[in-house]
Structure formats: structure tokens, C-alpha cells
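Next comes upload.txt, with compact mmCIF, C-alpha atoms.
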# COMPACT_ATOMS: atom_id res chain seq x y z
CA LEU A 1 115.28 284.01 41.86
CA GLY A 2 116.33 281.11 44.05
CA LEU A 3 114.81 282.76 47.13
CA ILE A 4 111.57 283.50 45.28
CA ALA A 5 111.35 279.90 44.11
CA ALA A 6 111.92 278.61 47.65
CA VAL A 7 109.20 280.86 49.08
CA ALA A 8 106.79 279.81 46.34
CA PHE A 9 107.53 276.17 47.05
CA VAL A 10 106.81 276.61 50.79
CA LEU A 11 103.58 278.52 50.12
CA ALA A 12 102.47 275.85 47.67
CA GLY A 13 103.10 273.21 50.31
CA VAL A 14 101.06 275.12 52.89
CA TRP A 15 98.21 275.59 50.41
CA LEU A 16 98.28 271.92 49.45
CA GLY A 17 98.23 270.89 53.11
CA LEU A 18 95.22 273.10 53.83
CA ALA A 19 93.42 271.85 50.72
CA CYS A 20 94.04 268.22 51.59
CA SER A 21 92.89 268.80 55.17
CA TRP A 22 89.68 270.41 53.88
CA VAL A 23 89.00 267.54 51.47
CA ARG A 24 89.63 264.96 54.20
CA ALA A 25 87.22 266.73 56.52
CA MET A 26 84.50 266.66 53.88
CA ASN A 27 85.25 263.10 52.70
CA HIS A 28 83.67 263.80 49.33
CA GLU A 29 83.77 266.00 46.28
CA PRO A 30 82.26 269.42 47.11
CA GLY A 31 78.64 269.68 46.00
CA GLU A 32 78.28 265.92 45.58
CA PRO A 33 74.81 264.56 46.56
CA PHE A 34 74.63 262.46 49.71
CA ASP A 35 72.12 260.37 51.66
CA MET A 36 71.42 261.00 55.35
CA VAL A 37 69.60 258.98 58.01
CA VAL A 38 68.71 260.81 61.24
CA LEU A 39 68.23 258.32 64.11
CA VAL A 40 66.24 259.89 66.96
CA ASP A 41 66.13 258.22 70.36
CA ALA A 42 62.41 258.14 71.24
CA SER A 43 62.73 256.16 74.47
CA ASP A 44 61.15 257.40 77.70
CA SER A 45 64.42 258.84 79.02
CA VAL A 46 64.47 261.24 76.05
CA THR A 47 60.84 262.00 75.29
CA ASP A 48 59.83 262.64 78.91
CA GLY A 49 60.74 266.23 79.78
CA SER A 50 63.02 268.87 78.27
CA ASN A 51 65.18 266.41 76.32
CA GLY A 52 62.17 265.56 74.16
CA ARG A 53 61.68 269.20 73.16
CA LEU A 54 65.40 269.59 72.51
CA ALA A 55 65.51 266.44 70.37
CA GLN A 56 62.53 267.73 68.37
CA ALA A 57 64.26 271.09 67.85
CA ILE A 58 67.42 269.35 66.62
CA VAL A 59 65.47 267.24 64.11
CA ASP A 60 63.63 270.30 62.81
CA LEU A 61 66.83 272.37 62.55
CA ILE A 62 68.66 269.65 60.62
CA ALA A 63 65.82 269.39 58.08
CA ASP A 64 65.42 273.18 57.83
CA THR A 65 69.16 273.76 57.35
CA LEU A 66 69.48 271.18 54.58
CA ARG A 67 66.42 272.53 52.80
CA LEU A 68 67.64 276.13 53.00
CA VAL A 69 71.30 275.49 52.19
CA LEU A 70 70.90 272.89 49.43
CA GLY A 71 67.63 274.12 47.90
CA GLU A 72 64.53 272.34 46.70
CA HIS A 73 66.23 270.85 43.63
CA SER A 74 69.07 269.14 45.47
CA GLY A 75 69.73 265.50 44.69
CA SER A 76 70.57 264.75 48.34
CA ARG A 77 68.08 262.72 50.41
CA ILE A 78 67.11 262.25 54.05
CA ALA A 79 65.16 259.83 56.26
CA ILE A 80 64.22 260.62 59.88
CA VAL A 81 63.82 257.44 61.94
CA PRO A 82 62.71 257.41 65.61
CA PHE A 83 63.82 254.29 67.52
CA SER A 84 63.60 252.63 70.91
CA LEU A 85 63.93 248.83 71.17
CA SER A 86 63.33 248.67 67.43
CA ALA A 87 63.79 250.90 64.38
CA ASN A 88 62.18 251.04 60.97
CA ASP A 89 64.77 249.61 58.61
CA LYS A 90 62.51 250.09 55.58
CA ALA A 91 62.28 253.89 55.70
CA ARG A 92 62.38 255.66 52.35
CA LEU A 93 64.89 258.41 51.63
CA GLN A 94 63.18 261.66 50.61
CA PRO A 95 64.63 264.72 48.81
CA VAL A 96 66.00 267.23 51.32
CA GLY A 97 64.16 269.99 49.46
CA GLN A 98 60.82 268.66 50.64
CA PRO A 99 59.45 269.55 54.11
CA THR A 100 60.51 266.60 56.24
CA THR A 101 60.17 266.07 59.98
CA VAL A 102 58.77 263.69 62.60
CA ASP A 103 56.59 264.60 65.58
CA LEU A 104 58.31 262.78 68.44
CA SER A 105 55.41 263.43 70.81
CA GLY A 106 53.20 261.30 68.59
CA THR A 107 55.66 258.44 68.26
CA ASN A 108 54.27 255.23 69.79
CA LEU A 109 57.28 253.05 70.43
CA SER A 110 58.05 250.44 73.07
CA GLU A 111 60.07 251.32 76.16
CA GLY A 112 63.80 250.78 76.18
CA THR A 113 66.71 251.67 73.88
CA ASN A 114 68.63 249.41 71.52
CA PHE A 115 71.41 251.16 69.63
CA ALA A 116 72.31 247.99 67.73
CA GLU A 117 68.89 247.93 66.09
CA ALA A 118 69.13 251.62 65.19
CA LEU A 119 72.68 251.59 63.79
CA GLU A 120 72.01 248.49 61.68
CA ALA A 121 68.65 249.89 60.52
CA ALA A 122 70.48 252.91 59.09
CA TYR A 123 72.74 250.61 57.09
CA SER A 124 69.74 248.63 55.82
CA ILE A 125 67.97 251.84 54.72
CA PHE A 126 70.95 252.86 52.59
CA CYS A 127 70.96 249.42 50.96
CA LEU A 128 67.25 249.10 50.17
CA ASP A 129 66.57 248.61 46.46
CA GLU A 130 63.92 251.35 46.71
CA ASN A 131 66.60 253.76 47.96
CA THR A 132 69.12 253.09 45.19
CA PRO A 133 70.15 256.46 43.68
CA ALA A 134 68.74 257.17 40.22
CA ASP A 135 72.21 257.03 38.69
CA GLY A 136 72.93 253.72 40.41
CA LEU A 137 76.27 255.00 41.74
CA PRO A 138 77.38 254.74 45.39
CA ARG A 139 77.14 258.04 47.21
CA ARG A 140 78.27 259.46 50.51
CA ARG A 141 76.31 258.20 53.54
CA LEU A 142 75.77 260.24 56.68
CA VAL A 143 74.08 259.16 59.92
CA ILE A 144 73.16 261.53 62.75
CA LEU A 145 72.32 259.82 66.04
CA ILE A 146 70.38 261.97 68.55
CA THR A 147 70.35 260.36 72.00
CA ASP A 148 70.97 260.82 75.71
CA GLY A 149 73.40 257.90 75.41
CA GLU A 150 71.52 255.62 77.80
CA THR A 151 70.82 252.12 76.60
CA ASP A 152 68.26 249.71 78.00
CA VAL A 153 67.88 246.62 75.85
CA GLY A 154 66.25 244.68 78.64
CA ASN A 155 63.56 247.25 79.43
CA GLN A 156 64.56 247.16 83.10
CA ARG A 157 62.35 248.84 85.67
CA LYS A 158 65.51 249.94 87.48
CA GLU A 159 68.43 251.36 85.54
CA ASP A 160 71.40 248.99 85.42
CA ILE A 161 74.30 251.36 84.78
CA ALA A 162 77.02 248.71 84.96
CA GLY A 163 75.13 246.37 82.63
CA ASN A 164 74.34 249.15 80.19
CA LEU A 165 77.97 250.29 80.05
CA ALA A 166 79.13 246.72 79.46
CA TYR A 167 76.65 246.42 76.59
CA LEU A 168 77.92 249.68 75.04
CA LYS A 169 81.59 248.72 75.31
CA ASP A 170 81.09 245.19 74.01
CA ASP A 171 78.24 245.07 71.49
CA ILE A 172 77.87 248.67 70.36
CA GLN A 173 81.61 249.28 70.04
CA ASP A 174 81.78 246.35 67.61
CA ILE A 175 79.10 247.92 65.43
CA LEU A 176 80.75 251.33 65.56
CA ASP A 177 84.05 249.80 64.49
CA ALA A 178 82.34 247.99 61.63
CA ARG A 179 80.04 250.72 60.38
CA THR A 180 81.90 254.00 60.80
CA THR A 181 84.16 253.42 57.82
CA GLY A 182 82.63 255.93 55.44
CA TYR A 183 82.83 253.23 52.73
CA PRO A 184 79.52 253.22 50.78
CA SER A 185 79.11 249.53 50.03
CA CYS A 186 76.24 247.05 50.35
CA ALA A 187 78.45 244.02 50.11
CA ASP A 188 77.07 242.20 53.13
CA SER A 189 73.47 241.26 52.41
CA GLU A 190 72.96 239.39 55.71
CA LEU A 191 73.37 241.43 58.88
CA ASP A 192 75.14 239.77 61.79
CA ASP A 193 73.32 238.86 64.98
CA PRO A 194 73.73 242.01 67.14
CA TYR A 195 74.48 239.83 70.16
CA SER A 196 77.08 237.68 68.43
CA ALA A 197 80.49 237.48 70.08
CA ARG A 198 82.16 237.37 66.67
CA PRO A 199 83.80 240.72 65.75
CA ARG A 200 81.63 242.32 63.08
CA HIS A 201 84.46 244.15 61.38
CA GLU A 202 85.73 240.79 60.12
CA THR A 203 82.69 240.34 57.89
CA ILE A 204 81.00 243.71 57.40
CA THR A 205 82.43 245.85 54.63
CA GLY A 206 79.87 248.63 54.12
CA GLY A 207 79.56 251.70 56.27
CA TYR A 208 78.79 255.37 56.77
CA GLU A 209 79.92 258.50 58.60
CA LEU A 210 78.37 258.84 62.06
CA MET A 211 77.74 262.06 63.98
CA VAL A 212 76.43 261.57 67.54
CA LEU A 213 74.53 264.43 69.18
CA GLY A 214 74.47 263.81 72.94
CA LEU A 215 71.51 265.11 74.93
CA GLY A 216 71.68 265.22 78.69
CA SER A 217 73.18 266.90 81.69
CA PRO A 218 75.04 270.23 81.49
CA PRO A 219 78.85 270.42 81.78
CA GLY A 220 80.08 269.34 85.20
CA GLN A 221 77.23 266.84 85.52
CA PRO A 222 78.02 264.26 82.82
CA SER A 223 75.84 261.21 82.46
CA PRO A 224 77.55 257.85 83.12
CA TYR A 225 77.25 257.02 79.41
CA GLU A 226 78.76 260.15 77.89
CA GLU A 227 82.31 258.95 78.47
CA PHE A 228 81.72 255.97 76.19
CA TRP A 229 80.60 258.10 73.23
CA GLN A 230 83.31 260.71 73.87
CA THR A 231 86.08 258.12 74.25
CA THR A 232 84.98 256.46 71.03
CA GLN A 233 85.56 259.76 69.25
CA GLU A 234 89.07 260.03 70.66
CA GLU A 235 89.96 256.53 69.51
CA LYS A 236 88.37 256.52 66.05
CA ASP A 237 89.24 258.05 62.69
CA GLN A 238 87.94 261.61 63.02
CA ASN A 239 86.86 261.59 59.38
CA PHE A 240 84.02 259.16 60.04
CA TYR A 241 82.92 259.62 63.66
CA SER A 242 82.21 262.64 65.82
CA TYR A 243 80.52 263.37 69.15
CA THR A 244 78.91 266.73 69.96
CA PRO A 245 77.19 267.45 73.30
CA VAL A 246 73.91 269.38 72.98
CA TYR A 247 72.81 270.25 76.51
CA SER A 248 70.47 273.16 75.80
CA PRO A 249 68.90 275.15 72.93
CA ALA A 250 71.96 277.44 73.03
CA ALA A 251 73.96 274.52 71.60
CA LEU A 252 71.77 274.50 68.47
CA ARG A 253 74.53 276.67 67.04
CA ASP A 254 76.80 273.60 67.19
CA VAL A 255 74.16 271.51 65.40
CA PHE A 256 73.84 274.19 62.74
CA ASN A 257 77.62 274.27 62.24
CA LEU A 258 77.84 270.47 62.18
CA VAL A 259 75.26 270.16 59.40
CA SER A 260 76.70 273.09 57.43
CA ASN A 261 80.19 271.63 57.63
CA ALA A 262 78.94 268.17 56.63
CA VAL A 263 77.48 269.49 53.37
CA GLY A 264 80.54 271.63 52.64
CA ALA A 265 79.00 275.02 53.51
CA PRO A 266 80.84 277.52 55.72
CA VAL A 267 79.84 277.59 59.37
CA VAL A 268 78.81 280.65 61.42
CA THR A 269 80.95 283.61 60.41
CA ASP A 270 79.45 286.37 62.57
CA SER A 271 77.53 286.63 65.83
CA MET A 272 75.83 289.58 67.48
CA PRO A 273 73.61 289.87 70.58
CA ILE A 274 70.07 291.26 70.35
CA ASN A 275 67.74 292.53 73.05
CA ARG A 276 64.76 294.83 73.09
CA ALA A 277 66.86 297.93 73.74
CA ASN A 278 69.66 297.03 71.34
CA PRO A 279 68.67 295.69 67.91
CA ALA A 280 71.30 294.22 65.59
CA ARG A 281 72.13 295.82 62.25
CA HIS A 282 73.70 293.78 59.48
CA GLU A 283 74.44 294.21 55.81
CA VAL A 284 73.16 291.08 54.12
CA ASP A 285 74.83 289.67 51.03
CA ASP A 286 72.91 287.65 48.46
CA GLU A 287 74.49 284.47 49.77
CA GLU A 288 73.94 284.66 53.52
CA TYR A 289 71.41 283.22 55.91
CA PHE A 290 70.81 283.79 59.60
CA LEU A 291 69.99 281.77 62.69
CA PHE A 292 68.50 283.43 65.75
CA ILE A 293 68.69 281.54 69.05
CA PRO A 294 66.82 283.15 71.98
CA SER A 295 68.53 283.06 75.36
CA ASN A 296 65.40 281.87 77.19
CA PRO A 297 63.11 280.01 74.77
CA ALA A 298 61.22 278.26 77.59
CA GLY A 299 59.09 281.36 78.19
CA PRO A 300 56.08 282.56 76.18
CA ARG A 301 56.21 282.84 72.42
CA GLY A 302 58.65 285.46 71.15
CA THR A 303 58.98 287.39 67.92
CA LEU A 304 61.93 288.35 65.70
CA LYS A 305 61.50 291.21 63.22
CA ALA A 306 63.71 292.29 60.33
CA SER A 307 63.27 295.86 59.06
CA PRO A 308 64.91 297.01 55.82
CA LEU A 309 67.09 300.09 56.19
CA TYR A 310 68.30 299.72 52.62
CA SER A 311 66.74 297.04 50.43
CA ASP A 312 64.49 296.64 47.42
CA THR A 313 62.29 294.28 49.42
CA ASP A 314 59.43 295.13 51.77
CA GLU A 315 59.60 294.15 55.40
CA PRO A 316 58.83 290.41 55.76
CA ALA A 317 56.34 289.01 58.24
CA PRO A 318 57.83 288.55 61.73
CA TRP A 319 59.12 285.12 62.75
CA THR A 320 57.91 283.49 65.95
CA TYR A 321 59.63 281.01 68.25
CA ASP A 322 58.83 279.19 71.49
CA GLU A 323 60.06 276.30 73.62
CA ASN A 324 58.98 273.78 70.97
CA LYS A 325 60.89 275.54 68.20
CA PRO A 326 63.57 277.61 69.97
CA TYR A 327 65.17 279.15 66.90
CA VAL A 328 64.49 281.16 63.74
CA LEU A 329 66.30 280.17 60.55
CA GLY A 330 65.89 282.29 57.45
CA ARG A 331 67.35 284.21 54.55
CA LEU A 332 66.87 287.82 53.48
CA PRO A 333 67.55 289.63 50.19
CA LYS A 334 70.59 291.82 49.78
CA GLY A 335 70.51 295.03 51.77
CA ILE A 336 70.99 296.55 55.19
CA TRP A 337 68.61 295.08 57.77
CA GLU A 338 67.85 295.76 61.40
CA PHE A 339 66.90 292.76 63.51
CA SER A 340 64.88 293.34 66.67
CA VAL A 341 63.01 291.28 69.25
CA VAL A 342 59.86 292.04 71.20
CA ASP A 343 58.33 290.77 74.45
CA GLY A 344 61.51 291.55 76.37
CA ALA A 345 63.39 288.64 74.81
CA GLU A 346 67.08 288.53 73.97
CA GLY A 347 69.35 286.19 72.10
CA ASN A 348 72.11 285.80 69.53
CA LEU A 349 71.93 286.41 65.81
CA LEU A 350 74.27 284.13 63.87
CA ILE A 351 75.25 284.86 60.28
CA SER A 352 76.64 282.38 57.78
CA ASN A 353 77.42 282.20 54.08
CA ILE A 354 75.55 279.60 52.04
CA VAL A 355 77.68 279.42 48.91
CA LEU A 356 78.37 275.76 48.30
CA PRO A 357 81.80 275.02 46.82
CA THR A 358 81.78 273.53 43.36
CA PRO A 359 84.29 271.06 41.97
CA THR A 360 87.29 272.84 40.52
CA PRO A 361 87.97 271.67 36.95
CA THR A 362 91.32 270.03 36.45
CA PRO A 363 93.56 272.49 34.65
CA THR A 364 94.75 271.38 31.24
CA MET A 365 97.93 272.39 29.52
CA THR A 366 97.81 273.34 25.87
CA LEU A 367 100.73 274.20 23.68
CA THR A 368 100.74 277.68 22.20
CA PRO A 369 102.26 277.92 18.75
CA THR A 370 105.62 279.68 18.76
CA PRO A 371 105.23 283.08 17.14
CA THR A 372 107.10 283.55 13.89
CA LEU A 373 108.92 286.68 12.82
CA SER A 374 107.41 288.72 10.05
CA PRO A 375 109.73 289.48 7.17
CA THR A 376 111.53 292.83 7.47
CA PRO A 377 109.89 295.38 5.17
CA THR A 378 112.09 296.77 2.41
CA LEU A 379 112.09 300.23 0.97
CA THR A 380 111.70 300.70 -2.74
CA ALA A 381 112.81 303.69 -4.63

Written as C-alpha cells, that's how I'd like the structure from this file.
Amino acid sequence: LGLIAAVAFVLAGVWLGLACSWVRAMNHEPGEPFDMVVLVDASDSVTDGSNGRLAQAIVDLIADTLRLVLGEHSGSRIAIVPFSLSANDKARLQPVGQPTTVDLSGTNLSEGTNFAEALEAAYSIFCLDENTPADGLPRRRLVILITDGETDVGNQRKEDIAGNLAYLKDDIQDILDARTTGYPSCADSELDDPYSARPRHETITGGYELMVLGLGSPPGQPSPYEEFWQTTQEEKDQNFYSYTPVYSPAALRDVFNLVSNAVGAPVVTDSMPINRANPARHEVDDEEYFLFIPSNPAGPRGTLKASPLYSDTDEPAPWTYDENKPYVLGRLPKGIWEFSVVDGAEGNLLISNIVLPTPTPTPTMTLTPTPTLSPTPTLTA
């Protein structure tokens, strides 16, 4: 009995450690509504060329994932805010169940990039009276920053790498230290001057969780600014700050996993390659969804088909993708399905489970009445 008790104690400790680690990673009660602000760098260095298409795909995938995973009746909200030298700090938070996106190609912003304006605008949006949750209670705040990491507050004609790095390490680091606390408060009504030498963390008490998605050069060719964002991750509390490089559409899988993990849903659980000669077959549960990422989305428009081998549902209309939307995200009814591509395309089919965890009720202990002995029957003559 002593050995059994010792083993049970060790297993309980392991389970408790895993549970606590999971809760810390989520920073909130599972299933709890949250507010999210997506800050999209719309400066020339991003919108000119392939980074602009990639940034647009990331924005669309974030909105599509939240809408699919959380459903149209979710209480969570989102605002998508493009920025350059300025950012709209009066944006309204909209339900994630509604179609929400921003066309970056139609964004008319000034040249240059000012992260201070963007990061403080996100805080202001959370604290707008118009964005107060219906129940009036503080809720979890998430910010996703999509950028190539380059800053240019002076709108220089020639890039000043040394000056930009100094600005990041001095001014922006102060804001990151102050804001990435995960503490949902609006205690400071007056925002500090972004160029003040006074440390902001001495006066600012409210904050959010920040996830930076870094656009830019492929591995082996890092931009001069990536080290700043990466080093910040290594130095900060991992619960409230993260940096994820997104160098190509293939890395949309990482974006998908990041968003799924942030809302408490499991990440990709299965992956299988597809090409014209080799379709992928998968048995779909009621609670799964799929993400298809083509290997070469820069070519002509491609098509993904799903044919039922065993299902009560007819074959759905094919999904299309191209360089402007280099992915297919969807959900199919229960059954066995065969996924295939046409036009000579190939790619990876990613499967994930969309069951959101629900709060576990606290167990209660009730006393059971002690059974009483019935009187012994007696025999009568």
C-alpha cells in the first residue's frame, strides 16, 4: 500500500505540473472570451512586393481561424488596424464571428513606420468606452503585430539602420516592458509621450499579451532588426510575449498554430502531403477542421477537392487558392474523405481538432449517510 501511495503521489505531481503549465500558457480560463487587436504594418517596406501579399494572407487566416474555431456566437472580439507613422486608436472591436478583414492594397497611409504609435493605439482601443465588454468585466487582451521589423519614424529617404536600431532598443523596448504584462487594466488614462526618457513601466499599469509575426528574409539572411524582436522574446516573460518568423506562405502553419493555441484549441495534429498523383485520404471526426497550404501558391489559381468515400453529405464545391490567398481553411462533416488537387499543384494537408476546452467544475465533497443495519429477522413458530 505504501508503494502504491507513493506512485500515486508522484503521478499526481506530474499531472498537476502539466496542468499548471497548460494554464500558464493560456493565461486565462479555457473558453473565456477575449479581445484581440491585429496591428498590420502597412508601410512601403511591407506593402511593396511579396511581403504585402504575405501580410494580407496572415490577416485573412487569423480572422478565418477565429471565425471557424470559435463560431458565429462567440463573445470574443477583434479589430484589424493597419499602421505606418500613425494608427487608428479609435477602432471598434467587432465579434469574431462576423467576416472581418482589411484590404492592405487599398490602405492609404503615410510613409514610414512608428511602432510606438501602433502599440499605444492597441492599448487605447481596449480602453475605449465604446469597447467596454457588455458585462463590464476586464477580459483577456491579445495583440498580434505583423511587421518586417523595420522602423522609420523620420521617414528617411535612405535607411538609417543604426538610428532605427537605437530607436527600437530605447523607445520601443520601454513600451514593450510596460505593455506586455497581460494585466487587463485601464488605470492610466493619459498615455506617456512616446519619446519621453522617463521609463514607462514606472507609471503604466495596464497591458496585454503581444505576439509578433516577423515578415522578411528567409533563414540565413536575417534582417538587421530581427535580432531585436527575437532577443526581446528571450528576455521577457514567455507568457506575455512571443516572436514567430513568417518568411513564406509555408509558415502559415505556424500562424494557424499560434492562433489556435492562443484561444485554447489544439494545434495541428496530423499532416499529409498531396499532389495530383497521390491524393490524401482522411477519416474526419465531427470536431476537426483542415488547412491546406500549397507548396507553390505564386503560380496560377489552384483547386482543392474533397470527395466523400463514406459520408452522409454530398461532395462540396471545390475550394480555390492563389498567391493572394495561399491557403484553404475549412471543415467537413464526419466521414471518410479523399482530398485531391488539380492543375499539377501539390501541398500539405494539415488536420486539427477544434474542441474548445471548457472550465472544469470544482469538485464538491458531500457526506454520505452511514448505512444502518436492518434488524435480524426472527422466525416464529

Non-local contacts of Ala42 in chain A (9 Å; only C-alpha atoms; under 3 positions in same chain excluded) as a tab-separated table (two decimals) with C-alpha atoms, in the frame of the given file:
chain	number	residue	atom	x	y	z
A	45	SER	CA	64.42	258.84	79.02
A	46	VAL	CA	64.47	261.24	76.05
A	47	THR	CA	60.84	262.00	75.29
A	52	GLY	CA	62.17	265.56	74.16
A	55	ALA	CA	65.51	266.44	70.37
A	82	PRO	CA	62.71	257.41	65.61
A	83	PHE	CA	63.82	254.29	67.52
A	84	SER	CA	63.60	252.63	70.91
A	104	LEU	CA	58.31	262.78	68.44
A	105	SER	CA	55.41	263.43	70.81
A	107	THR	CA	55.66	258.44	68.26
A	108	ASN	CA	54.27	255.23	69.79
A	109	LEU	CA	57.28	253.05	70.43
A	111	GLU	CA	60.07	251.32	76.16
A	112	GLY	CA	63.80	250.78	76.18
A	113	THR	CA	66.71	251.67	73.88
A	147	THR	CA	70.35	260.36	72.00

Practice problem: Report the distance between CA of Asp41 in chain A and CA of Gly347 in chain A in Å, rounded to one decimal place. | Solution: 28.2 Å

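Counting all atoms listed in the file and comparing A:Ile274, A:Leu168, A:Val328, A:Leu93, the residue that lies closest to Leu252 in chain A is A:Val328.
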
Self-check item: Shell around Asp89 in chain A at 12 Å using only C-alpha atoms, local window under 3 positions removed, as a VMD selection string
Solution: chain A and resid 37 39 79 to 83 86 92 to 93 116 to 128 131 191

Residue selection dump (C-alpha atoms) as an mmCIF file, keeping the file's coordinate frame:
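Output below, filename again-v5.cif:
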data_model
loop_
_atom_site.group_PDB
_atom_site.id
_atom_site.type_symbol
_atom_site.label_atom_id
_atom_site.label_comp_id
_atom_site.auth_asym_id
_atom_site.auth_seq_id
_atom_site.Cartn_x
_atom_site.Cartn_y
_atom_site.Cartn_z
ATOM 1 C CA VAL A 37 69.600 258.980 58.010
ATOM 2 C CA LEU A 39 68.230 258.320 64.110
ATOM 3 C CA ALA A 79 65.160 259.830 56.260
ATOM 4 C CA ILE A 80 64.220 260.620 59.880
ATOM 5 C CA VAL A 81 63.820 257.440 61.940
ATOM 6 C CA PRO A 82 62.710 257.410 65.610
ATOM 7 C CA PHE A 83 63.820 254.290 67.520
ATOM 8 C CA SER A 86 63.330 248.670 67.430
ATOM 9 C CA ARG A 92 62.380 255.660 52.350
ATOM 10 C CA LEU A 93 64.890 258.410 51.630
ATOM 11 C CA ALA A 116 72.310 247.990 67.730
ATOM 12 C CA GLU A 117 68.890 247.930 66.090
ATOM 13 C CA ALA A 118 69.130 251.620 65.190
ATOM 14 C CA LEU A 119 72.680 251.590 63.790
ATOM 15 C CA GLU A 120 72.010 248.490 61.680
ATOM 16 C CA ALA A 121 68.650 249.890 60.520
ATOM 17 C CA ALA A 122 70.480 252.910 59.090
ATOM 18 C CA TYR A 123 72.740 250.610 57.090
ATOM 19 C CA SER A 124 69.740 248.630 55.820
ATOM 20 C CA ILE A 125 67.970 251.840 54.720
ATOM 21 C CA PHE A 126 70.950 252.860 52.590
ATOM 22 C CA CYS A 127 70.960 249.420 50.960
ATOM 23 C CA LEU A 128 67.250 249.100 50.170
ATOM 24 C CA ASN A 131 66.600 253.760 47.960
ATOM 25 C CA LEU A 191 73.370 241.430 58.880
#

Quiz prompt | d(CA of Ile293 in chain A, CA of Leu145 in chain A) in Å | solution =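 Going from CA of Ile293 in chain A over to CA of Leu145 in chain A covers 22.2 Å.
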
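Note that CA of Asp343 in chain A and CA of Pro279 in chain A are 13.2 Å apart.
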
Practice problem: Would you mind listing what lies within 10 Å of Phe339 in chain A as a ChimeraX atom specification, with only C-alpha atoms counted and same-chain residues fewer than 5 positions away left out? | Solution: /A:274-275,278-282,292,304-308,349

As a compact mmCIF listing (two decimals), keeping the file's coordinate frame, the rebuilt range 256-274 of chain A with N, CA, C and O atoms:
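selection_23.txt, freshly written:
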# COMPACT_ATOMS: atom_id res chain seq x y z
N PHE A 256 73.85 273.42 63.98
CA PHE A 256 73.84 274.19 62.74
C PHE A 256 75.21 274.12 62.04
O PHE A 256 75.30 273.85 60.84
N ASN A 257 76.28 274.33 62.81
CA ASN A 257 77.62 274.27 62.24
C ASN A 257 77.97 272.86 61.78
O ASN A 257 78.62 272.68 60.75
N LEU A 258 77.55 271.86 62.54
CA LEU A 258 77.84 270.47 62.18
C LEU A 258 77.22 270.12 60.83
O LEU A 258 77.88 269.54 59.96
N VAL A 259 75.94 270.47 60.65
CA VAL A 259 75.26 270.16 59.40
C VAL A 259 75.86 270.97 58.25
O VAL A 259 76.09 270.43 57.15
N SER A 260 76.12 272.25 58.48
CA SER A 260 76.70 273.09 57.43
C SER A 260 78.05 272.54 56.99
O SER A 260 78.35 272.45 55.79
N ASN A 261 78.87 272.16 57.95
CA ASN A 261 80.19 271.63 57.63
C ASN A 261 80.08 270.30 56.88
O ASN A 261 80.86 270.01 55.97
N ALA A 262 79.09 269.48 57.27
CA ALA A 262 78.94 268.17 56.63
C ALA A 262 78.60 268.30 55.15
O ALA A 262 79.00 267.46 54.35
N VAL A 263 77.86 269.33 54.78
CA VAL A 263 77.48 269.49 53.37
C VAL A 263 78.46 270.39 52.63
O VAL A 263 78.26 270.69 51.45
N GLY A 264 79.52 270.84 53.32
CA GLY A 264 80.54 271.63 52.64
C GLY A 264 80.27 273.12 52.64
O GLY A 264 80.94 273.87 51.94
N ALA A 265 79.28 273.58 53.42
CA ALA A 265 79.00 275.02 53.51
C ALA A 265 79.76 275.61 54.68
O ALA A 265 79.99 274.94 55.68
N PRO A 266 80.14 276.89 54.59
CA PRO A 266 80.84 277.52 55.72
C PRO A 266 79.95 277.57 56.96
O PRO A 266 78.73 277.62 56.86
N VAL A 267 80.57 277.54 58.11
CA VAL A 267 79.84 277.59 59.37
C VAL A 267 79.60 279.06 59.75
O VAL A 267 79.84 279.96 58.96
N VAL A 268 79.12 279.29 60.97
CA VAL A 268 78.81 280.65 61.42
C VAL A 268 80.04 281.54 61.28
O VAL A 268 81.13 281.20 61.73
N THR A 269 79.85 282.68 60.64
CA THR A 269 80.95 283.61 60.41
C THR A 269 80.82 284.89 61.21
O THR A 269 81.77 285.67 61.29
N ASP A 270 79.65 285.15 61.80
CA ASP A 270 79.45 286.37 62.57
C ASP A 270 78.38 286.12 63.61
O ASP A 270 77.45 285.35 63.39
N SER A 271 78.50 286.78 64.74
CA SER A 271 77.53 286.63 65.83
C SER A 271 77.34 287.96 66.51
O SER A 271 78.32 288.69 66.74
N MET A 272 76.10 288.31 66.80
CA MET A 272 75.83 289.58 67.48
C MET A 272 74.64 289.41 68.40
O MET A 272 73.65 288.75 68.07
N PRO A 273 74.72 289.98 69.62
CA PRO A 273 73.61 289.87 70.58
C PRO A 273 72.47 290.82 70.21
O PRO A 273 72.70 291.87 69.61
N ILE A 274 71.25 290.42 70.57
CA ILE A 274 70.07 291.26 70.35
C ILE A 274 69.26 291.27 71.64
O ILE A 274 69.08 290.23 72.28
